Amino acid sequence: MLVLAVDTSTPAVTAGLVRFHDGAAEVLAARVVVDPRLHAEVLTPGILECLAEVNLTPRDLDAVVVGVGPGPFTGLRVGMATASAFGDALGLPVHGVCSLDAIAAQLSDEPELLVVTDARRREVYSARYSAGVRVSGPDVGAADSVDIGSATAVAGSREHAALFELPLREAISPTPDGLVLAAAHALGSGEAADALVPLYLRRPDAKTIAEREAAKQASR
């Protein structure tokens, strides 16, 4: 099975082609650009470059996997809209996975793991895993409010992982194979894809006109 994997939940804009077979994920081509301002500009070109690198076309794809966060509103919207567009155009299932799960999937041998990424506003997104299975989260909050439980290592954003007194692991952001492994059950079972639901975990800063008017009225 040839899977297109994309994620824009972190500053890393990730696209890749992954061969998924018998529970194993082989990356055939990948493009990663670390720049939170270029999600929209580089994601689709990155996908097309991956296809060209291995002499394939979009018609060769069997499924799409996309990270649904948690992450910033604008970044998530780009990745999920792009994944949906490929799925709709090609009649492919589009499976959404928690982006923190995709990071943890790269470290499935770690018995107890904490994964954190940048939530801005001096906060982090976090989740804990036991033998690769999420046991708490995802949550958002200040780093000092995160319950590390029995975690013996931490992965994710280096800057934020360093805030915890745990050994750091070299899994910084979702990778194409990590995304596919996080969706392994859905891909392997052939089950229908659920509707994509972004994990914002909090409301976006931008407000509608009605919301701004309501806030004004409430402040009077």
# chains A, B, ... in the order shown; residues from 1 in each chain; ligands from 1
call {"tool": "closest_atom_pairs", "arguments": {"of": "region 38-88 of chain A", "to": "region 139-160 of chain A", "cutoff": "12 Å", "atoms": "only C-alpha atoms", "output": "CSV"}}
result
residue,atom,partner,partner_atom,distance
A:Gly69,CA,A:Asp139,CA,10.9
A:Pro70,CA,A:Asp139,CA,8.4
A:Gly71,CA,A:Val140,CA,9.9
A:Pro72,CA,A:Val140,CA,11.6
call {"tool": "write_last_selection", "arguments": {"atoms": "C-alpha atoms", "output": "tab-separated table (two decimals), in the first residue's frame"}}
result
chain	number	residue	atom	x	y	z
A	69	GLY	CA	-2.71	18.19	15.78
A	70	PRO	CA	-2.70	19.45	18.37
A	71	GLY	CA	-1.25	22.50	16.71
A	72	PRO	CA	-1.86	26.12	15.72
call {"tool": "residues_around", "arguments": {"residues": "Leu61 (chain A)", "least_positions_apart": "2", "cutoff": "8 Å", "atoms": "only C-alpha atoms", "output": "ChimeraX atom specification"}}
result
/A:1-4,57-59,63-64,92
call {"tool": "residues_around", "arguments": {"residues": "Val13 (chain A)", "least_positions_apart": "2", "cutoff": "9 Å", "atoms": "only C-alpha atoms", "output": "number ranges by chain"}}
result
A: 6-11, 15, 31-36, 38-39, 42-43, 46, 75, 79
call {"tool": "closest_residue", "arguments": {"among": "A:Leu201, A:Leu100, A:Leu187, A:Met80", "to": "Val116 (chain A)", "atoms": "only C-alpha atoms"}}
result
A:Leu100
call {"tool": "closest_residue", "arguments": {"among": "A:Ala171, A:Ala81, A:Ser99, A:Thr74", "to": "Leu113 (chain A)", "atoms": "only C-alpha atoms"}}
result
A:Ala171
call {"tool": "closest_residue", "arguments": {"among": "A:Asp101, A:Glu49, A:Asp60, A:Glu123", "to": "Ala184 (chain A)", "atoms": "only C-alpha atoms"}}
result
A:Asp101
call {"tool": "atom_distance", "arguments": {"atom1": "CA of Val133 (chain A)", "atom2": "CA of Thr14 (chain A)"}}
result
22.9 Å
call {"tool": "select_by_dssp", "arguments": {"residues": "region 68-210 of chain A", "states": "strand (DSSP E)", "output": "VMD selection string"}}
result
chain A and resid 94 to 97 112 to 120 123 to 130 133 to 141 153 to 156
call {"tool": "write_last_selection", "arguments": {"atoms": "N, CA and C atoms", "output": "mmCIF file, in the first residue's frame"}}
result
data_model
loop_
_atom_site.group_PDB
_atom_site.id
_atom_site.type_symbol
_atom_site.label_atom_id
_atom_site.label_comp_id
_atom_site.auth_asym_id
_atom_site.auth_seq_id
_atom_site.Cartn_x
_atom_site.Cartn_y
_atom_site.Cartn_z
ATOM 1 N N VAL A 94 -8.816 9.214 3.728
ATOM 2 C CA VAL A 94 -7.895 10.132 4.401
ATOM 3 C C VAL A 94 -8.025 9.895 5.898
ATOM 4 N N HIS A 95 -6.971 9.369 6.495
ATOM 5 C CA HIS A 95 -6.993 9.029 7.916
ATOM 6 C C HIS A 95 -6.271 10.107 8.723
ATOM 7 N N GLY A 96 -6.937 10.663 9.712
ATOM 8 C CA GLY A 96 -6.319 11.639 10.595
ATOM 9 C C GLY A 96 -5.755 10.961 11.829
ATOM 10 N N VAL A 97 -4.571 11.391 12.242
ATOM 11 C CA VAL A 97 -3.956 10.844 13.458
ATOM 12 C C VAL A 97 -3.479 11.987 14.333
ATOM 13 N N GLU A 112 8.023 4.159 28.764
ATOM 14 C CA GLU A 112 7.189 5.243 29.296
ATOM 15 C C GLU A 112 7.703 6.555 28.724
ATOM 16 N N LEU A 113 6.887 7.235 27.940
ATOM 17 C CA LEU A 113 7.347 8.392 27.164
ATOM 18 C C LEU A 113 6.415 9.581 27.322
ATOM 19 N N LEU A 114 7.006 10.753 27.439
ATOM 20 C CA LEU A 114 6.280 12.017 27.389
ATOM 21 C C LEU A 114 6.619 12.709 26.076
ATOM 22 N N VAL A 115 5.610 13.202 25.360
ATOM 23 C CA VAL A 115 5.823 13.942 24.113
ATOM 24 C C VAL A 115 5.270 15.348 24.288
ATOM 25 N N VAL A 116 6.079 16.353 23.952
ATOM 26 C CA VAL A 116 5.640 17.743 24.059
ATOM 27 C C VAL A 116 6.009 18.502 22.790
ATOM 28 N N THR A 117 5.132 19.417 22.395
ATOM 29 C CA THR A 117 5.412 20.322 21.281
ATOM 30 C C THR A 117 4.987 21.731 21.668
ATOM 31 N N ASP A 118 5.405 22.691 20.870
ATOM 32 C CA ASP A 118 5.177 24.099 21.183
ATOM 33 C C ASP A 118 3.723 24.502 20.942
ATOM 34 N N ALA A 119 3.069 24.985 21.990
ATOM 35 C CA ALA A 119 1.694 25.481 21.868
ATOM 36 C C ALA A 119 1.638 27.008 21.857
ATOM 37 N N ARG A 120 2.842 27.634 21.850
ATOM 38 C CA ARG A 120 2.931 29.099 21.925
ATOM 39 C C ARG A 120 2.338 29.586 23.250
ATOM 40 N N GLU A 123 3.207 27.855 26.467
ATOM 41 C CA GLU A 123 2.552 26.606 26.827
ATOM 42 C C GLU A 123 3.036 25.478 25.917
ATOM 43 N N VAL A 124 2.695 24.256 26.292
ATOM 44 C CA VAL A 124 3.056 23.098 25.488
ATOM 45 C C VAL A 124 1.831 22.211 25.285
ATOM 46 N N TYR A 125 1.841 21.495 24.154
ATOM 47 C CA TYR A 125 0.920 20.386 23.964
ATOM 48 C C TYR A 125 1.630 19.155 24.511
ATOM 49 N N SER A 126 0.915 18.274 25.179
ATOM 50 C CA SER A 126 1.569 17.126 25.779
ATOM 51 C C SER A 126 0.673 15.893 25.757
ATOM 52 N N ALA A 127 1.338 14.732 25.766
ATOM 53 C CA ALA A 127 0.652 13.445 25.908
ATOM 54 C C ALA A 127 1.659 12.448 26.444
ATOM 55 N N ARG A 128 1.172 11.439 27.168
ATOM 56 C CA ARG A 128 2.049 10.396 27.704
ATOM 57 C C ARG A 128 1.703 9.048 27.080
ATOM 58 N N TYR A 129 2.745 8.220 26.948
ATOM 59 C CA TYR A 129 2.602 6.936 26.270
ATOM 60 C C TYR A 129 3.255 5.829 27.084
ATOM 61 N N SER A 130 2.641 4.664 27.052
ATOM 62 C CA SER A 130 3.206 3.470 27.671
ATOM 63 C C SER A 130 3.308 2.408 26.591
ATOM 64 N N VAL A 133 1.483 3.285 23.438
ATOM 65 C CA VAL A 133 0.034 3.530 23.508
ATOM 66 C C VAL A 133 -0.225 4.764 24.362
ATOM 67 N N ARG A 134 -1.018 5.691 23.842
ATOM 68 C CA ARG A 134 -1.301 6.913 24.592
ATOM 69 C C ARG A 134 -2.139 6.597 25.820
ATOM 70 N N VAL A 135 -1.677 7.078 26.967
ATOM 71 C CA VAL A 135 -2.384 6.826 28.223
ATOM 72 C C VAL A 135 -2.944 8.104 28.833
ATOM 73 N N SER A 136 -2.506 9.273 28.338
ATOM 74 C CA SER A 136 -3.103 10.534 28.777
ATOM 75 C C SER A 136 -2.848 11.592 27.724
ATOM 76 N N GLY A 137 -3.752 12.593 27.684
ATOM 77 C CA GLY A 137 -3.632 13.665 26.716
ATOM 78 C C GLY A 137 -4.367 13.329 25.423
ATOM 79 N N PRO A 138 -4.251 14.200 24.424
ATOM 80 C CA PRO A 138 -3.402 15.391 24.445
ATOM 81 C C PRO A 138 -4.004 16.530 25.272
ATOM 82 N N ASP A 139 -3.110 17.298 25.876
ATOM 83 C CA ASP A 139 -3.490 18.430 26.697
ATOM 84 C C ASP A 139 -2.683 19.648 26.273
ATOM 85 N N VAL A 140 -3.109 20.810 26.752
ATOM 86 C CA VAL A 140 -2.356 22.037 26.526
ATOM 87 C C VAL A 140 -2.276 22.802 27.838
ATOM 88 N N GLY A 141 -1.099 23.351 28.125
ATOM 89 C CA GLY A 141 -0.932 24.115 29.350
ATOM 90 C C GLY A 141 0.520 24.467 29.575
ATOM 91 N N ALA A 153 11.383 9.208 29.690
ATOM 92 C CA ALA A 153 12.056 9.941 28.620
ATOM 93 C C ALA A 153 11.067 10.932 28.027
ATOM 94 N N VAL A 154 11.591 11.915 27.304
ATOM 95 C CA VAL A 154 10.747 12.930 26.681
ATOM 96 C C VAL A 154 11.200 13.139 25.247
ATOM 97 N N ALA A 155 10.228 13.400 24.362
ATOM 98 C CA ALA A 155 10.508 13.663 22.954
ATOM 99 C C ALA A 155 9.667 14.840 22.492
ATOM 100 N N GLY A 156 9.983 15.334 21.292
ATOM 101 C CA GLY A 156 9.254 16.454 20.728
ATOM 102 C C GLY A 156 10.140 17.666 20.561
#
call {"tool": "decode", "arguments": {"residues": "region 50-177 of chain A", "atoms": "C-alpha atoms", "output": "short mmCIF file (atom, residue, chain, number, x, y, z; two decimals), in the first residue's frame"}}
result
data_model
loop_
_atom_site.label_atom_id
_atom_site.label_comp_id
_atom_site.auth_asym_id
_atom_site.auth_seq_id
_atom_site.Cartn_x
_atom_site.Cartn_y
_atom_site.Cartn_z
CA CYS A 50 8.29 13.14 -3.57
CA LEU A 51 6.17 11.57 -6.29
CA ALA A 52 8.59 12.66 -9.01
CA GLU A 53 11.58 11.32 -7.05
CA VAL A 54 10.23 7.77 -7.20
CA ASN A 55 8.60 8.10 -10.65
CA LEU A 56 5.05 7.81 -9.37
CA THR A 57 1.89 9.87 -9.86
CA PRO A 58 -0.96 10.74 -7.52
CA ARG A 59 -2.97 7.93 -9.16
CA ASP A 60 -0.56 5.42 -7.63
CA LEU A 61 -1.59 6.40 -4.08
CA ASP A 62 -3.79 4.09 -2.02
CA ALA A 63 -4.44 6.24 1.05
CA VAL A 64 -3.58 9.52 2.77
CA VAL A 65 -2.60 10.03 6.41
CA VAL A 66 -2.51 13.49 7.97
CA GLY A 67 -1.59 14.80 11.40
CA VAL A 68 -4.60 16.56 12.94
CA GLY A 69 -2.71 18.19 15.78
CA PRO A 70 -2.70 19.45 18.37
CA GLY A 71 -1.25 22.50 16.71
CA PRO A 72 -1.86 26.12 15.72
CA PHE A 73 -5.04 26.87 13.80
CA THR A 74 -3.46 28.11 10.56
CA GLY A 75 -0.83 25.39 10.29
CA LEU A 76 -3.27 22.54 10.88
CA ARG A 77 -5.73 23.95 8.38
CA VAL A 78 -3.12 23.85 5.58
CA GLY A 79 -2.15 20.23 6.12
CA MET A 80 -5.67 18.94 6.60
CA ALA A 81 -7.07 20.87 3.63
CA THR A 82 -4.28 19.58 1.39
CA ALA A 83 -4.80 15.99 2.53
CA SER A 84 -8.54 16.30 2.00
CA ALA A 85 -8.02 17.74 -1.47
CA PHE A 86 -5.87 14.79 -2.53
CA GLY A 87 -8.35 12.36 -1.03
CA ASP A 88 -11.36 13.96 -2.68
CA ALA A 89 -9.69 14.30 -6.07
CA LEU A 90 -8.45 10.71 -6.12
CA GLY A 91 -11.23 8.97 -4.20
CA LEU A 92 -8.85 7.89 -1.44
CA PRO A 93 -9.45 7.37 2.29
CA VAL A 94 -7.90 10.13 4.40
CA HIS A 95 -6.99 9.03 7.92
CA GLY A 96 -6.32 11.64 10.59
CA VAL A 97 -3.96 10.84 13.46
CA CYS A 98 -2.91 12.74 16.56
CA SER A 99 0.43 14.34 15.66
CA LEU A 100 1.83 13.54 19.10
CA ASP A 101 1.01 9.88 18.45
CA ALA A 102 3.10 10.07 15.28
CA ILE A 103 6.09 11.29 17.29
CA ALA A 104 5.59 8.54 19.85
CA ALA A 105 5.32 5.92 17.08
CA GLN A 106 8.95 6.62 16.21
CA LEU A 107 9.87 5.50 19.75
CA SER A 108 7.56 2.55 20.25
CA ASP A 109 10.27 0.68 22.17
CA GLU A 110 10.33 3.39 24.85
CA PRO A 111 8.42 1.93 27.84
CA GLU A 112 7.19 5.24 29.30
CA LEU A 113 7.35 8.39 27.16
CA LEU A 114 6.28 12.02 27.39
CA VAL A 115 5.82 13.94 24.11
CA VAL A 116 5.64 17.74 24.06
CA THR A 117 5.41 20.32 21.28
CA ASP A 118 5.18 24.10 21.18
CA ALA A 119 1.69 25.48 21.87
CA ARG A 120 2.93 29.10 21.92
CA ARG A 121 1.79 31.48 24.69
CA ARG A 122 4.52 29.86 26.86
CA GLU A 123 2.55 26.61 26.83
CA VAL A 124 3.06 23.10 25.49
CA TYR A 125 0.92 20.39 23.96
CA SER A 126 1.57 17.13 25.78
CA ALA A 127 0.65 13.44 25.91
CA ARG A 128 2.05 10.40 27.70
CA TYR A 129 2.60 6.94 26.27
CA SER A 130 3.21 3.47 27.67
CA ALA A 131 4.79 1.01 25.22
CA GLY A 132 3.67 3.27 22.37
CA VAL A 133 0.03 3.53 23.51
CA ARG A 134 -1.30 6.91 24.59
CA VAL A 135 -2.38 6.83 28.22
CA SER A 136 -3.10 10.53 28.78
CA GLY A 137 -3.63 13.66 26.72
CA PRO A 138 -3.40 15.39 24.45
CA ASP A 139 -3.49 18.43 26.70
CA VAL A 140 -2.36 22.04 26.53
CA GLY A 141 -0.93 24.11 29.35
CA ALA A 142 2.16 25.50 31.01
CA ALA A 143 5.11 23.14 31.14
CA ASP A 144 5.16 23.18 34.94
CA SER A 145 1.56 21.95 34.97
CA VAL A 146 2.30 18.83 32.91
CA ASP A 147 1.93 15.57 34.83
CA ILE A 148 4.90 13.48 33.68
CA GLY A 149 3.54 10.44 35.51
CA SER A 150 5.91 7.50 35.14
CA ALA A 151 7.61 8.87 31.99
CA THR A 152 11.27 7.87 31.74
CA ALA A 153 12.06 9.94 28.62
CA VAL A 154 10.75 12.93 26.68
CA ALA A 155 10.51 13.66 22.95
CA GLY A 156 9.25 16.45 20.73
CA SER A 157 10.28 20.10 20.44
CA ARG A 158 13.85 20.24 21.76
CA GLU A 159 13.36 23.64 23.39
CA HIS A 160 10.30 22.49 25.29
CA ALA A 161 11.42 18.93 25.99
CA ALA A 162 14.47 20.42 27.69
CA LEU A 163 12.17 21.93 30.32
CA PHE A 164 11.65 18.47 31.80
CA GLU A 165 14.25 16.63 33.83
CA LEU A 166 14.07 13.54 31.63
CA PRO A 167 16.41 12.00 29.03
CA LEU A 168 15.74 13.51 25.60
CA ARG A 169 14.95 11.31 22.62
CA GLU A 170 15.66 12.31 19.01
CA ALA A 171 12.11 12.45 17.72
CA ILE A 172 11.32 16.13 17.21
CA SER A 173 8.28 16.26 14.93
CA PRO A 174 6.01 13.83 13.08
CA THR A 175 7.81 11.90 10.33
CA PRO A 176 6.12 10.22 7.35
CA ASP A 177 6.70 6.73 8.76
#
